[in-house]
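Below is model_16.cif, holding mmCIF, C-alpha atoms.
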data_work
#
loop_
_atom_site.label_atom_id
_atom_site.label_comp_id
_atom_site.auth_asym_id
_atom_site.auth_seq_id
_atom_site.Cartn_x
_atom_site.Cartn_y
_atom_site.Cartn_z
CA MET A 1 2.35 40.06 -40.10
CA PRO A 2 5.98 41.10 -39.50
CA TYR A 3 8.75 39.88 -41.76
CA LYS A 4 10.38 36.74 -40.50
CA GLU A 5 13.71 35.55 -41.83
CA LYS A 6 13.80 32.00 -43.05
CA GLU A 7 15.72 29.70 -40.78
CA ILE A 8 19.00 28.51 -42.27
CA GLU A 9 19.04 24.75 -42.60
CA LYS A 10 22.24 22.82 -42.25
CA LYS A 11 23.13 20.19 -44.82
CA TYR A 12 25.51 18.22 -42.64
CA TYR A 13 25.59 17.46 -38.92
CA SER A 14 28.46 16.17 -36.82
CA ILE A 15 28.18 12.95 -34.84
CA GLY A 16 28.01 14.99 -31.64
CA GLU A 17 25.06 16.99 -32.94
CA VAL A 18 23.26 13.84 -34.04
CA ALA A 19 23.92 12.14 -30.70
CA SER A 20 22.55 15.14 -28.81
CA MET A 21 19.37 15.10 -30.95
CA PHE A 22 18.64 11.63 -29.61
CA LYS A 23 20.22 12.15 -26.19
CA VAL A 24 22.61 9.22 -26.70
CA ALA A 25 26.40 8.89 -26.70
CA PRO A 26 28.24 9.37 -30.01
CA SER A 27 29.64 5.87 -29.55
CA LEU A 28 26.11 4.45 -29.91
CA ILE A 29 25.69 6.23 -33.26
CA ARG A 30 29.04 4.80 -34.41
CA TYR A 31 27.96 1.35 -33.21
CA TRP A 32 24.65 1.56 -35.07
CA GLU A 33 26.54 2.66 -38.19
CA GLY A 34 28.40 -0.65 -38.06
CA GLU A 35 25.28 -2.70 -37.34
CA PHE A 36 22.89 -1.09 -39.85
CA ASP A 37 24.12 -0.78 -43.41
CA ILE A 38 21.52 1.89 -44.17
CA ILE A 39 23.48 4.45 -42.15
CA LYS A 40 26.22 5.76 -44.42
CA PRO A 41 27.43 9.20 -43.34
CA LYS A 42 29.88 11.04 -45.51
CA LYS A 43 33.37 11.46 -44.09
CA ASP A 44 35.56 14.50 -44.54
CA LYS A 45 39.32 14.45 -45.10
CA LYS A 46 39.95 14.02 -41.39
CA GLY A 47 37.55 11.08 -41.20
CA ASN A 48 34.87 12.99 -39.28
CA ARG A 49 31.37 11.78 -40.01
CA ARG A 50 28.95 14.22 -41.62
CA PHE A 51 25.32 13.16 -41.39
CA THR A 52 22.61 14.38 -43.78
CA LYS A 53 18.94 14.80 -42.90
CA ASP A 54 18.32 11.47 -44.64
CA ASP A 55 20.89 9.78 -42.39
CA ILE A 56 19.24 11.36 -39.35
CA GLU A 57 15.81 10.08 -40.42
CA LYS A 58 17.21 6.57 -40.68
CA ILE A 59 18.79 6.90 -37.24
CA ARG A 60 15.48 8.23 -35.90
CA TYR A 61 13.71 5.13 -37.16
CA ILE A 62 16.34 2.81 -35.68
CA TYR A 63 16.07 4.76 -32.41
CA GLN A 64 12.29 4.27 -32.37
CA LEU A 65 12.59 0.56 -33.05
CA VAL A 66 15.35 -0.13 -30.53
CA LYS A 67 14.86 2.42 -27.75
CA ILE A 68 11.13 3.07 -27.81
CA LYS A 69 9.58 -0.14 -29.16
CA GLY A 70 12.17 -2.40 -27.51
CA TYR A 71 13.35 -4.35 -30.54
CA THR A 72 16.67 -6.14 -30.37
CA LEU A 73 19.24 -5.03 -32.94
CA GLN A 74 18.60 -8.21 -34.92
CA GLY A 75 14.84 -7.63 -34.77
CA ALA A 76 15.23 -4.04 -35.93
CA GLN A 77 17.47 -5.19 -38.79
CA GLU A 78 14.81 -7.68 -39.88
CA VAL A 79 12.07 -5.05 -39.81
CA ILE A 80 14.19 -2.70 -41.89
CA ARG A 81 15.19 -5.43 -44.36
CA GLY A 82 11.59 -6.58 -44.69
CA ASP A 83 10.03 -3.42 -46.07
CA HIS A 84 12.43 -0.54 -45.66
CA HIS A 85 10.84 1.67 -48.35
CA THR A 86 7.49 1.72 -46.56
CA VAL A 87 9.23 2.13 -43.23
CA PHE A 88 11.14 5.23 -44.30
CA ASP A 89 8.12 6.71 -46.04
CA LYS A 90 6.25 6.45 -42.74
CA ALA A 91 9.18 7.93 -40.82
CA ALA A 92 9.37 10.85 -43.25
CA MET A 93 5.63 11.38 -42.96
CA VAL A 94 5.79 11.47 -39.16
CA ASP A 95 8.66 13.96 -39.29
CA ARG A 96 6.72 16.17 -41.72
CA LEU A 97 3.67 16.08 -39.45
CA HIS A 98 5.85 17.21 -36.53
CA GLN A 99 7.11 20.12 -38.65
CA ILE A 100 3.54 21.10 -39.53
CA LYS A 101 2.54 20.91 -35.88
CA ARG A 102 5.41 23.21 -34.85
CA PHE A 103 4.45 25.63 -37.62
CA LEU A 104 0.79 25.68 -36.54
CA ILE A 105 1.73 26.20 -32.90
CA GLU A 106 3.95 29.08 -33.95
CA ILE A 107 1.06 30.67 -35.88
CA ARG A 108 -1.28 30.17 -32.92
CA ASP A 109 1.20 31.75 -30.52
CA THR A 110 1.79 34.68 -32.88
CA MET A 111 -1.94 35.28 -33.24
CA HIS A 112 -2.41 34.99 -29.47
CA VAL A 113 0.27 37.62 -28.81
CA GLU A 114 -1.12 40.01 -31.47
CA SER A 115 -4.66 39.79 -30.06
CA LYS A 116 -3.58 41.03 -26.62
#
Encoded form (structure tokens):
Amino acid sequence: MPYKEKEIEKKYYSIGEVASMFKVAPSLIRYWEGEFDIIKPKKDKKGNRRFTKDDIEKIRYIYQLVKIKGYTLQGAQEVIRGDHHTVFDKAAMVDRLHQIKRFLIEIRDTMHVESK
């Protein structure tokens, strides 16, 4: 199997990058930051928000509740307040499963190309 360089992972993402991940406007991310106290991005000297992977996972969960499942903001806040540790464990597990799926697909595609 040929050598493959490890992908460089970013530690911080800008609000524009986060918004594009979810295909929403940056203003929505800023709004959710004000509505959900679990979103606490770091800010640099200029005041630009820098989101970590943990912040992004929390936004992903809020996105699923509000945009996909149709919860109101108040309803989503109640769900998160109710059992947020279990909620984020599940969100992290789902994200990890997506990573594993991408990895397995990559292996399958590599093996398919090599067998030709």
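Proximity ranking of A:Lys46, A:Tyr61, A:Ala19, A:Asp55 relative to Met93 (chain A) places A:Tyr61 first, based on all atoms listed in the file.
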| field | Using all atoms listed in the file: which of A:Asn48, A:Glu57, A:Gly34, A:Gly82 has the shortest distance to Phe22 (chain A) | value | A:Glu57
| task | Kindly give the distance, in Å, that separates CA of Trp32 (chain A) and CA of Val18 (chain A), rounded to a single decimal. | result | 12.4 Å
| Which residue out of A:Arg81, A:Arg108, A:Lys23, A:Arg50 has the minimum interatomic distance to Asp37 (chain A) when only C-alpha atoms are used? | A:Arg81
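Residue nearest Ala92 (chain A), chosen from A:Glu17, A:Glu9, A:Asp54, A:Glu106 and counting all atoms listed in the file: A:Asp54.
Take the PyMOL selection byres ((chain A and resi 40) around 12) and apply it to this file: it picks A:Ile29, A:Arg30, A:Trp32, A:Glu33, A:Gly34, A:Glu35, A:Phe36, A:Asp37, A:Ile38, A:Ile39, A:Pro41, A:Lys42, A:Lys43, A:Arg49, A:Arg50, A:Phe51, A:Thr52, A:Lys53, A:Asp54, A:Asp55, A:Ile56, A:Glu57, A:Lys58, A:Ile59.
The two atoms in question, CA of His112 (chain A) and CA of Ile8 (chain A), are spaced 25.8 Å apart.
Going from CA of Tyr71 (chain A) over to CA of Tyr13 (chain A), you cover 26.4 Å.
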| request: Determine, counting only C-alpha atoms, which protein, DNA and RNA residues have an atom within 9 Å of an atom of Gly75 (chain A); residues of the same chain fewer than 4 positions away are not included. Present the result as a list in words. | output: Leu65, Val66, Tyr71, Val79 and Ile80 of chain A
Let me see the file: selected residues, C-alpha atoms, as a PDB file, in the coordinates of the input.
ATOM      1  CA  LEU A  65      12.590   0.560 -33.050  1.00  0.00           C
ATOM      2  CA  VAL A  66      15.350  -0.130 -30.530  1.00  0.00           C
ATOM      3  CA  TYR A  71      13.350  -4.350 -30.540  1.00  0.00           C
ATOM      4  CA  VAL A  79      12.070  -5.050 -39.810  1.00  0.00           C
ATOM      5  CA  ILE A  80      14.190  -2.700 -41.890  1.00  0.00           C
TER       6      ILE A  80
END
| query | Which is closest to Arg60 (chain A) among A:Arg102, A:Lys6, A:Val94, A:Thr110, if we use all atoms listed in the file? | reply | A:Val94
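Between Leu28 (chain A) and the residues A:Lys67, A:Lys101, A:Arg96, A:Lys11, the shortest atom-to-atom distance, using only C-alpha atoms, involves A:Lys67.
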Rebuild region 58-69 of chain A to all heavy atoms - output it as an mmCIF file, keeping the file's coordinate frame, please.
data_model
loop_
_atom_site.group_PDB
_atom_site.id
_atom_site.type_symbol
_atom_site.label_atom_id
_atom_site.label_comp_id
_atom_site.auth_asym_id
_atom_site.auth_seq_id
_atom_site.Cartn_x
_atom_site.Cartn_y
_atom_site.Cartn_z
ATOM 1 N N LYS A 58 16.970 8.004 -40.842
ATOM 2 C CA LYS A 58 17.210 6.570 -40.680
ATOM 3 C C LYS A 58 17.589 6.251 -39.242
ATOM 4 O O LYS A 58 17.125 5.259 -38.670
ATOM 5 C CB LYS A 58 18.289 6.109 -41.654
ATOM 6 C CG LYS A 58 17.814 6.172 -43.090
ATOM 7 C CD LYS A 58 18.923 5.900 -44.074
ATOM 8 C CE LYS A 58 18.394 6.010 -45.495
ATOM 9 N NZ LYS A 58 19.447 5.868 -46.493
ATOM 10 N N ILE A 59 18.413 7.093 -38.648
ATOM 11 C CA ILE A 59 18.790 6.900 -37.240
ATOM 12 C C ILE A 59 17.559 7.060 -36.349
ATOM 13 O O ILE A 59 17.378 6.310 -35.393
ATOM 14 C CB ILE A 59 19.913 7.871 -36.837
ATOM 15 C CG1 ILE A 59 21.198 7.500 -37.576
ATOM 16 C CG2 ILE A 59 20.124 7.862 -35.324
ATOM 17 C CD1 ILE A 59 22.304 8.531 -37.464
ATOM 18 N N ARG A 60 16.707 8.020 -36.687
ATOM 19 C CA ARG A 60 15.480 8.230 -35.900
ATOM 20 C C ARG A 60 14.617 6.971 -35.920
ATOM 21 O O ARG A 60 14.073 6.554 -34.905
ATOM 22 C CB ARG A 60 14.682 9.412 -36.466
ATOM 23 C CG ARG A 60 13.415 9.750 -35.690
ATOM 24 C CD ARG A 60 12.635 10.918 -36.286
ATOM 25 N NE ARG A 60 13.432 12.020 -36.754
ATOM 26 C CZ ARG A 60 13.976 12.956 -35.986
ATOM 27 N NH1 ARG A 60 13.797 12.917 -34.689
ATOM 28 N NH2 ARG A 60 14.686 13.934 -36.515
ATOM 29 N N TYR A 61 14.513 6.337 -37.075
ATOM 30 C CA TYR A 61 13.710 5.130 -37.160
ATOM 31 C C TYR A 61 14.336 3.995 -36.358
ATOM 32 O O TYR A 61 13.641 3.280 -35.636
ATOM 33 C CB TYR A 61 13.511 4.709 -38.620
ATOM 34 C CG TYR A 61 12.534 3.580 -38.716
ATOM 35 C CD1 TYR A 61 11.201 3.770 -38.386
ATOM 36 C CD2 TYR A 61 12.946 2.317 -39.079
ATOM 37 C CE1 TYR A 61 10.299 2.724 -38.434
ATOM 38 C CE2 TYR A 61 12.052 1.266 -39.125
ATOM 39 C CZ TYR A 61 10.732 1.479 -38.814
ATOM 40 O OH TYR A 61 9.848 0.443 -38.840
ATOM 41 N N ILE A 62 15.636 3.842 -36.464
ATOM 42 C CA ILE A 62 16.340 2.810 -35.680
ATOM 43 C C ILE A 62 16.151 3.100 -34.197
ATOM 44 O O ILE A 62 15.883 2.190 -33.405
ATOM 45 C CB ILE A 62 17.827 2.758 -36.063
ATOM 46 C CG1 ILE A 62 17.970 2.230 -37.493
ATOM 47 C CG2 ILE A 62 18.620 1.904 -35.077
ATOM 48 C CD1 ILE A 62 19.342 2.422 -38.100
ATOM 49 N N TYR A 63 16.259 4.365 -33.812
ATOM 50 C CA TYR A 63 16.070 4.760 -32.410
ATOM 51 C C TYR A 63 14.679 4.354 -31.933
ATOM 52 O O TYR A 63 14.522 3.802 -30.844
ATOM 53 C CB TYR A 63 16.284 6.267 -32.267
ATOM 54 C CG TYR A 63 16.096 6.771 -30.864
ATOM 55 C CD1 TYR A 63 17.151 6.757 -29.959
ATOM 56 C CD2 TYR A 63 14.872 7.271 -30.430
ATOM 57 C CE1 TYR A 63 16.986 7.213 -28.658
ATOM 58 C CE2 TYR A 63 14.693 7.723 -29.149
ATOM 59 C CZ TYR A 63 15.758 7.696 -28.263
ATOM 60 O OH TYR A 63 15.580 8.146 -26.976
ATOM 61 N N GLN A 64 13.664 4.618 -32.753
ATOM 62 C CA GLN A 64 12.290 4.270 -32.370
ATOM 63 C C GLN A 64 12.139 2.759 -32.212
ATOM 64 O O GLN A 64 11.506 2.304 -31.264
ATOM 65 C CB GLN A 64 11.297 4.787 -33.401
ATOM 66 C CG GLN A 64 11.080 6.275 -33.333
ATOM 67 C CD GLN A 64 10.073 6.760 -34.360
ATOM 68 O OE1 GLN A 64 9.930 6.183 -35.434
ATOM 69 N NE2 GLN A 64 9.385 7.839 -34.031
ATOM 70 N N LEU A 65 12.708 2.014 -33.134
ATOM 71 C CA LEU A 65 12.590 0.560 -33.050
ATOM 72 C C LEU A 65 13.292 0.012 -31.812
ATOM 73 O O LEU A 65 12.728 -0.799 -31.075
ATOM 74 C CB LEU A 65 13.181 -0.111 -34.304
ATOM 75 C CG LEU A 65 12.389 0.022 -35.595
ATOM 76 C CD1 LEU A 65 13.183 -0.573 -36.753
ATOM 77 C CD2 LEU A 65 11.038 -0.654 -35.472
ATOM 78 N N VAL A 66 14.525 0.451 -31.587
ATOM 79 C CA VAL A 66 15.350 -0.130 -30.530
ATOM 80 C C VAL A 66 15.031 0.463 -29.153
ATOM 81 O O VAL A 66 14.807 -0.272 -28.188
ATOM 82 C CB VAL A 66 16.852 0.045 -30.861
ATOM 83 C CG1 VAL A 66 17.732 -0.426 -29.724
ATOM 84 C CG2 VAL A 66 17.197 -0.703 -32.141
ATOM 85 N N LYS A 67 15.001 1.767 -29.056
ATOM 86 C CA LYS A 67 14.860 2.420 -27.750
ATOM 87 C C LYS A 67 13.416 2.568 -27.289
ATOM 88 O O LYS A 67 13.131 2.478 -26.104
ATOM 89 C CB LYS A 67 15.528 3.798 -27.771
ATOM 90 C CG LYS A 67 17.020 3.762 -27.976
ATOM 91 C CD LYS A 67 17.703 3.198 -26.759
ATOM 92 C CE LYS A 67 19.204 3.350 -26.852
ATOM 93 N NZ LYS A 67 19.873 2.822 -25.688
ATOM 94 N N ILE A 68 12.510 2.817 -28.213
ATOM 95 C CA ILE A 68 11.130 3.070 -27.810
ATOM 96 C C ILE A 68 10.286 1.795 -27.883
ATOM 97 O O ILE A 68 9.580 1.450 -26.941
ATOM 98 C CB ILE A 68 10.508 4.190 -28.665
ATOM 99 C CG1 ILE A 68 11.267 5.498 -28.385
ATOM 100 C CG2 ILE A 68 9.025 4.352 -28.371
ATOM 101 C CD1 ILE A 68 10.875 6.661 -29.233
ATOM 102 N N LYS A 69 10.392 1.062 -28.998
ATOM 103 C CA LYS A 69 9.580 -0.140 -29.160
ATOM 104 C C LYS A 69 10.231 -1.379 -28.551
ATOM 105 O O LYS A 69 9.582 -2.409 -28.422
ATOM 106 C CB LYS A 69 9.256 -0.382 -30.629
ATOM 107 C CG LYS A 69 8.343 0.697 -31.199
ATOM 108 C CD LYS A 69 7.923 0.377 -32.604
ATOM 109 C CE LYS A 69 6.952 1.426 -33.111
ATOM 110 N NZ LYS A 69 6.497 1.099 -34.467
#
